[in-house]
Amino acid sequence: QEQLVESGGGLVQAGESLSLSCVASDRTLRYYTMGWFRQAPGKEREFVAAIRWNGVTTHYADSLKGRFAIYRNNSSNVVTLQMNSLNPEHTAVYYCASGPDGQAYRPTSYYTRPSVYAFWGQGTQVTVSS
């Protein structure tokens, strides 16, 4: 059973930055697409960003382009979500997820679907105060 463990969440003030990490227990995940989703209280889980196995192709939610950045280190099985200029609207539980890459081109809309991802972490809370 695959395991994804997120870390790095916490309480920050508006305008500050935060970096989330996700460590995968299985080295085969280096060939998987890795994604981040978030869920705010009373809202549905929504897509944040994804990065394909090659570490080059990335996808972002339109509202987060230029503010968030996703990276991966396949040698250490770690995916990082760098979040800058945070505001209270970014408050949510952030989840790491992984799914088969398929090695074919797909548009961003494909990676926004939770059903694409086979494994999920437990989530890490991010709270941004005003």
# chains A, B, ... in the order shown; residues from 1 in each chain; ligands from 1
call {"tool": "closest_atom_pairs", "arguments": {"of": "segment 74-98 of chain A", "to": "segment 50-58 of chain A", "cutoff": "9 Å", "atoms": "only C-alpha atoms", "output": "Markdown table"}}
result
| residue | atom | partner | partner_atom | distance |
| --- | --- | --- | --- | --- |
| A:Asn74 | CA | A:Gly55 | CA | 8.0 |
| A:Val79 | CA | A:Ile51 | CA | 8.7 |
| A:Ala97 | CA | A:Ala50 | CA | 8.9 |
call {"tool": "residues_around", "arguments": {"residues": "Gln3 of chain A", "least_positions_apart": "6", "cutoff": "12 Å", "atoms": "only C-alpha atoms", "output": "count of residues only"}}
result
18
call {"tool": "closest_residue", "arguments": {"among": "A:Tyr105, A:Tyr94, A:Tyr111, A:Phe68", "to": "Ser17 of chain A", "atoms": "only C-alpha atoms"}}
result
A:Phe68
call {"tool": "residues_around", "arguments": {"residues": "Gln13 of chain A", "least_positions_apart": "6", "cutoff": "12 Å", "atoms": "only C-alpha atoms", "output": "ChimeraX atom specification"}}
result
/A:84-91,126-130
call {"tool": "atom_distance", "arguments": {"atom1": "atom CA of Val116 of chain A", "atom2": "atom CA of Gly99 of chain A"}}
result
6.0 Å
call {"tool": "select_by_dssp", "arguments": {"residues": "segment 77-120 of chain A", "states": "alpha helix (DSSP H)", "output": "PDB file with N, CA, C and O atoms, in the first residue's frame"}}
result
ATOM      1  N   THR A 108      -4.352  20.468 -18.943  1.00  0.00           N
ATOM      2  CA  THR A 108      -4.436  20.729 -17.513  1.00  0.00           C
ATOM      3  C   THR A 108      -5.734  20.206 -16.923  1.00  0.00           C
ATOM      4  O   THR A 108      -5.751  19.692 -15.799  1.00  0.00           O
ATOM      5  N   SER A 109      -6.815  20.308 -17.662  1.00  0.00           N
ATOM      6  CA  SER A 109      -8.121  19.888 -17.145  1.00  0.00           C
ATOM      7  C   SER A 109      -8.114  18.435 -16.703  1.00  0.00           C
ATOM      8  O   SER A 109      -8.838  18.047 -15.781  1.00  0.00           O
ATOM      9  N   TYR A 110      -7.312  17.621 -17.354  1.00  0.00           N
ATOM     10  CA  TYR A 110      -7.225  16.197 -16.977  1.00  0.00           C
ATOM     11  C   TYR A 110      -6.701  16.066 -15.550  1.00  0.00           C
ATOM     12  O   TYR A 110      -7.226  15.290 -14.751  1.00  0.00           O
ATOM     13  N   TYR A 111      -5.680  16.829 -15.209  1.00  0.00           N
ATOM     14  CA  TYR A 111      -5.030  16.683 -13.914  1.00  0.00           C
ATOM     15  C   TYR A 111      -5.826  17.313 -12.772  1.00  0.00           C
ATOM     16  O   TYR A 111      -5.478  17.119 -11.604  1.00  0.00           O
TER      17      TYR A 111
END
call {"tool": "closest_residue", "arguments": {"among": "A:Leu81, A:Ile70, A:Ser21, A:Val93", "to": "Lys43 of chain A", "atoms": "only C-alpha atoms"}}
result
A:Val93
call {"tool": "select_by_dssp", "arguments": {"residues": "segment 8-127 of chain A", "states": "strand (DSSP E)", "output": "number ranges by chain"}}
result
A: 10-13, 18-24, 32-39, 46-51, 58-60, 68-73, 78-83, 92-100, 119-120, 124-127
call {"tool": "atom_distance", "arguments": {"atom1": "atom CA of Gln39 of chain A", "atom2": "atom CA of Asn73 of chain A"}}
result
25.1 Å
call {"tool": "closest_residue", "arguments": {"among": "A:Thr80, A:Gln125, A:Tyr71, A:Ala104", "to": "Leu20 of chain A", "atoms": "only C-alpha atoms"}}
result
A:Thr80
call {"tool": "residues_around", "arguments": {"residues": "Phe37 of chain A", "least_positions_apart": "6", "cutoff": "7 Å", "atoms": "only C-alpha atoms", "output": "ChimeraX atom specification"}}
result
/A:45-48,94-96
call {"tool": "closest_residue", "arguments": {"among": "A:Met83, A:Ser75, A:Met34, A:Ala40", "to": "Val12 of chain A", "atoms": "only C-alpha atoms"}}
result
A:Met83
call {"tool": "closest_residue", "arguments": {"among": "A:Ser19, A:Thr33, A:Ser7, A:Gln103", "to": "Ala69 of chain A", "atoms": "only C-alpha atoms"}}
result
A:Ser19
call {"tool": "closest_residue", "arguments": {"among": "A:Ser76, A:Gly35, A:Leu4, A:Ala92", "to": "His59 of chain A", "atoms": "only C-alpha atoms"}}
result
A:Gly35
call {"tool": "decode", "arguments": {"residues": "segment 32-46 of chain A", "atoms": "all heavy atoms", "output": "PDB file, in the first residue's frame"}}
result
ATOM      1  N   TYR A  32       5.276   8.463 -11.445  1.00  0.00           N
ATOM      2  CA  TYR A  32       3.895   8.903 -11.334  1.00  0.00           C
ATOM      3  C   TYR A  32       3.791  10.413 -11.429  1.00  0.00           C
ATOM      4  O   TYR A  32       4.713  11.145 -11.074  1.00  0.00           O
ATOM      5  CB  TYR A  32       3.320   8.471  -9.985  1.00  0.00           C
ATOM      6  CG  TYR A  32       2.817   7.051  -9.919  1.00  0.00           C
ATOM      7  CD1 TYR A  32       3.532   6.011 -10.488  1.00  0.00           C
ATOM      8  CD2 TYR A  32       1.626   6.755  -9.273  1.00  0.00           C
ATOM      9  CE1 TYR A  32       3.077   4.714 -10.430  1.00  0.00           C
ATOM     10  CE2 TYR A  32       1.159   5.453  -9.198  1.00  0.00           C
ATOM     11  CZ  TYR A  32       1.886   4.440  -9.770  1.00  0.00           C
ATOM     12  OH  TYR A  32       1.430   3.164  -9.707  1.00  0.00           O
ATOM     13  N   THR A  33       2.630  10.859 -11.876  1.00  0.00           N
ATOM     14  CA  THR A  33       2.288  12.263 -11.743  1.00  0.00           C
ATOM     15  C   THR A  33       1.948  12.539 -10.280  1.00  0.00           C
ATOM     16  O   THR A  33       1.256  11.755  -9.641  1.00  0.00           O
ATOM     17  CB  THR A  33       1.078  12.615 -12.621  1.00  0.00           C
ATOM     18  OG1 THR A  33       1.475  12.587 -13.998  1.00  0.00           O
ATOM     19  CG2 THR A  33       0.531  13.997 -12.287  1.00  0.00           C
ATOM     20  N   MET A  34       2.463  13.648  -9.763  1.00  0.00           N
ATOM     21  CA  MET A  34       2.191  14.047  -8.385  1.00  0.00           C
ATOM     22  C   MET A  34       1.387  15.337  -8.395  1.00  0.00           C
ATOM     23  O   MET A  34       1.669  16.252  -9.174  1.00  0.00           O
ATOM     24  CB  MET A  34       3.492  14.265  -7.623  1.00  0.00           C
ATOM     25  CG  MET A  34       4.407  13.056  -7.589  1.00  0.00           C
ATOM     26  SD  MET A  34       3.688  11.645  -6.734  1.00  0.00           S
ATOM     27  CE  MET A  34       3.635  12.273  -5.058  1.00  0.00           C
ATOM     28  N   GLY A  35       0.397  15.390  -7.525  1.00  0.00           N
ATOM     29  CA  GLY A  35      -0.452  16.568  -7.493  1.00  0.00           C
ATOM     30  C   GLY A  35      -0.716  17.061  -6.082  1.00  0.00           C
ATOM     31  O   GLY A  35      -0.494  16.342  -5.102  1.00  0.00           O
ATOM     32  N   TRP A  36      -1.182  18.296  -6.004  1.00  0.00           N
ATOM     33  CA  TRP A  36      -1.642  18.885  -4.748  1.00  0.00           C
ATOM     34  C   TRP A  36      -3.077  19.360  -4.940  1.00  0.00           C
ATOM     35  O   TRP A  36      -3.400  19.997  -5.960  1.00  0.00           O
ATOM     36  CB  TRP A  36      -0.770  20.066  -4.338  1.00  0.00           C
ATOM     37  CG  TRP A  36       0.584  19.700  -3.802  1.00  0.00           C
ATOM     38  CD1 TRP A  36       1.744  19.619  -4.499  1.00  0.00           C
ATOM     39  CD2 TRP A  36       0.896  19.364  -2.449  1.00  0.00           C
ATOM     40  NE1 TRP A  36       2.771  19.249  -3.667  1.00  0.00           N
ATOM     41  CE2 TRP A  36       2.280  19.088  -2.397  1.00  0.00           C
ATOM     42  CE3 TRP A  36       0.158  19.273  -1.272  1.00  0.00           C
ATOM     43  CZ2 TRP A  36       2.939  18.729  -1.222  1.00  0.00           C
ATOM     44  CZ3 TRP A  36       0.812  18.927  -0.096  1.00  0.00           C
ATOM     45  CH2 TRP A  36       2.189  18.658  -0.081  1.00  0.00           C
ATOM     46  N   PHE A  37      -3.892  19.053  -3.959  1.00  0.00           N
ATOM     47  CA  PHE A  37      -5.264  19.532  -3.903  1.00  0.00           C
ATOM     48  C   PHE A  37      -5.457  20.218  -2.541  1.00  0.00           C
ATOM     49  O   PHE A  37      -4.647  20.068  -1.643  1.00  0.00           O
ATOM     50  CB  PHE A  37      -6.252  18.366  -4.021  1.00  0.00           C
ATOM     51  CG  PHE A  37      -6.371  17.810  -5.420  1.00  0.00           C
ATOM     52  CD1 PHE A  37      -5.353  17.057  -5.980  1.00  0.00           C
ATOM     53  CD2 PHE A  37      -7.522  18.035  -6.165  1.00  0.00           C
ATOM     54  CE1 PHE A  37      -5.462  16.548  -7.256  1.00  0.00           C
ATOM     55  CE2 PHE A  37      -7.641  17.522  -7.444  1.00  0.00           C
ATOM     56  CZ  PHE A  37      -6.612  16.787  -7.987  1.00  0.00           C
ATOM     57  N   ARG A  38      -6.539  20.941  -2.419  1.00  0.00           N
ATOM     58  CA  ARG A  38      -6.850  21.548  -1.122  1.00  0.00           C
ATOM     59  C   ARG A  38      -8.354  21.538  -0.909  1.00  0.00           C
ATOM     60  O   ARG A  38      -9.141  21.490  -1.865  1.00  0.00           O
ATOM     61  CB  ARG A  38      -6.332  22.985  -1.051  1.00  0.00           C
ATOM     62  CG  ARG A  38      -7.015  23.946  -2.014  1.00  0.00           C
ATOM     63  CD  ARG A  38      -6.378  25.321  -1.940  1.00  0.00           C
ATOM     64  NE  ARG A  38      -7.019  26.262  -2.854  1.00  0.00           N
ATOM     65  CZ  ARG A  38      -6.623  27.499  -3.054  1.00  0.00           C
ATOM     66  NH1 ARG A  38      -5.566  27.969  -2.397  1.00  0.00           N
ATOM     67  NH2 ARG A  38      -7.273  28.291  -3.896  1.00  0.00           N
ATOM     68  N   GLN A  39      -8.722  21.564   0.364  1.00  0.00           N
ATOM     69  CA  GLN A  39     -10.140  21.594   0.712  1.00  0.00           C
ATOM     70  C   GLN A  39     -10.338  22.559   1.867  1.00  0.00           C
ATOM     71  O   GLN A  39      -9.804  22.346   2.967  1.00  0.00           O
ATOM     72  CB  GLN A  39     -10.641  20.195   1.085  1.00  0.00           C
ATOM     73  CG  GLN A  39     -12.140  20.135   1.275  1.00  0.00           C
ATOM     74  CD  GLN A  39     -12.654  18.710   1.296  1.00  0.00           C
ATOM     75  OE1 GLN A  39     -11.910  17.762   1.491  1.00  0.00           O
ATOM     76  NE2 GLN A  39     -13.945  18.562   1.064  1.00  0.00           N
ATOM     77  N   ALA A  40     -11.083  23.606   1.603  1.00  0.00           N
ATOM     78  CA  ALA A  40     -11.415  24.584   2.636  1.00  0.00           C
ATOM     79  C   ALA A  40     -12.704  24.160   3.329  1.00  0.00           C
ATOM     80  O   ALA A  40     -13.495  23.395   2.762  1.00  0.00           O
ATOM     81  CB  ALA A  40     -11.582  25.965   2.002  1.00  0.00           C
ATOM     82  N   PRO A  41     -12.942  24.626   4.531  1.00  0.00           N
ATOM     83  CA  PRO A  41     -14.156  24.248   5.262  1.00  0.00           C
ATOM     84  C   PRO A  41     -15.409  24.560   4.465  1.00  0.00           C
ATOM     85  O   PRO A  41     -15.567  25.664   3.943  1.00  0.00           O
ATOM     86  CB  PRO A  41     -14.077  25.114   6.527  1.00  0.00           C
ATOM     87  CG  PRO A  41     -12.629  25.375   6.719  1.00  0.00           C
ATOM     88  CD  PRO A  41     -12.050  25.489   5.347  1.00  0.00           C
ATOM     89  N   GLY A  42     -16.274  23.560   4.346  1.00  0.00           N
ATOM     90  CA  GLY A  42     -17.535  23.747   3.645  1.00  0.00           C
ATOM     91  C   GLY A  42     -17.434  23.757   2.136  1.00  0.00           C
ATOM     92  O   GLY A  42     -18.426  24.021   1.453  1.00  0.00           O
ATOM     93  N   LYS A  43     -16.256  23.476   1.609  1.00  0.00           N
ATOM     94  CA  LYS A  43     -16.070  23.502   0.160  1.00  0.00           C
ATOM     95  C   LYS A  43     -15.572  22.147  -0.334  1.00  0.00           C
ATOM     96  O   LYS A  43     -15.074  21.331   0.437  1.00  0.00           O
ATOM     97  CB  LYS A  43     -15.083  24.597  -0.236  1.00  0.00           C
ATOM     98  CG  LYS A  43     -15.569  25.995   0.064  1.00  0.00           C
ATOM     99  CD  LYS A  43     -14.615  27.036  -0.486  1.00  0.00           C
ATOM    100  CE  LYS A  43     -15.134  28.438  -0.249  1.00  0.00           C
ATOM    101  NZ  LYS A  43     -14.205  29.464  -0.805  1.00  0.00           N
ATOM    102  N   GLU A  44     -15.684  21.936  -1.645  1.00  0.00           N
ATOM    103  CA  GLU A  44     -15.201  20.704  -2.231  1.00  0.00           C
ATOM    104  C   GLU A  44     -13.686  20.753  -2.401  1.00  0.00           C
ATOM    105  O   GLU A  44     -13.074  21.826  -2.461  1.00  0.00           O
ATOM    106  CB  GLU A  44     -15.881  20.470  -3.579  1.00  0.00           C
ATOM    107  CG  GLU A  44     -17.364  20.199  -3.491  1.00  0.00           C
ATOM    108  CD  GLU A  44     -17.956  19.831  -4.844  1.00  0.00           C
ATOM    109  OE1 GLU A  44     -17.240  19.876  -5.844  1.00  0.00           O
ATOM    110  OE2 GLU A  44     -19.152  19.478  -4.890  1.00  0.00           O
ATOM    111  N   ARG A  45     -13.112  19.582  -2.519  1.00  0.00           N
ATOM    112  CA  ARG A  45     -11.685  19.496  -2.766  1.00  0.00           C
ATOM    113  C   ARG A  45     -11.394  20.060  -4.159  1.00  0.00           C
ATOM    114  O   ARG A  45     -12.083  19.739  -5.116  1.00  0.00           O
ATOM    115  CB  ARG A  45     -11.214  18.050  -2.652  1.00  0.00           C
ATOM    116  CG  ARG A  45      -9.714  17.876  -2.672  1.00  0.00           C
ATOM    117  CD  ARG A  45      -9.344  16.446  -2.318  1.00  0.00           C
ATOM    118  NE  ARG A  45      -9.779  16.082  -0.971  1.00  0.00           N
ATOM    119  CZ  ARG A  45      -9.410  14.967  -0.350  1.00  0.00           C
ATOM    120  NH1 ARG A  45      -8.570  14.134  -0.943  1.00  0.00           N
ATOM    121  NH2 ARG A  45      -9.866  14.703   0.849  1.00  0.00           N
ATOM    122  N   GLU A  46     -10.360  20.867  -4.253  1.00  0.00           N
ATOM    123  CA  GLU A  46     -10.044  21.488  -5.529  1.00  0.00           C
ATOM    124  C   GLU A  46      -8.578  21.325  -5.876  1.00  0.00           C
ATOM    125  O   GLU A  46      -7.708  21.247  -5.003  1.00  0.00           O
ATOM    126  CB  GLU A  46     -10.417  22.976  -5.529  1.00  0.00           C
ATOM    127  CG  GLU A  46      -9.626  23.831  -4.567  1.00  0.00           C
ATOM    128  CD  GLU A  46      -9.926  25.304  -4.717  1.00  0.00           C
ATOM    129  OE1 GLU A  46     -10.665  25.686  -5.644  1.00  0.00           O
ATOM    130  OE2 GLU A  46      -9.406  26.095  -3.907  1.00  0.00           O
TER     131      GLU A  46
END
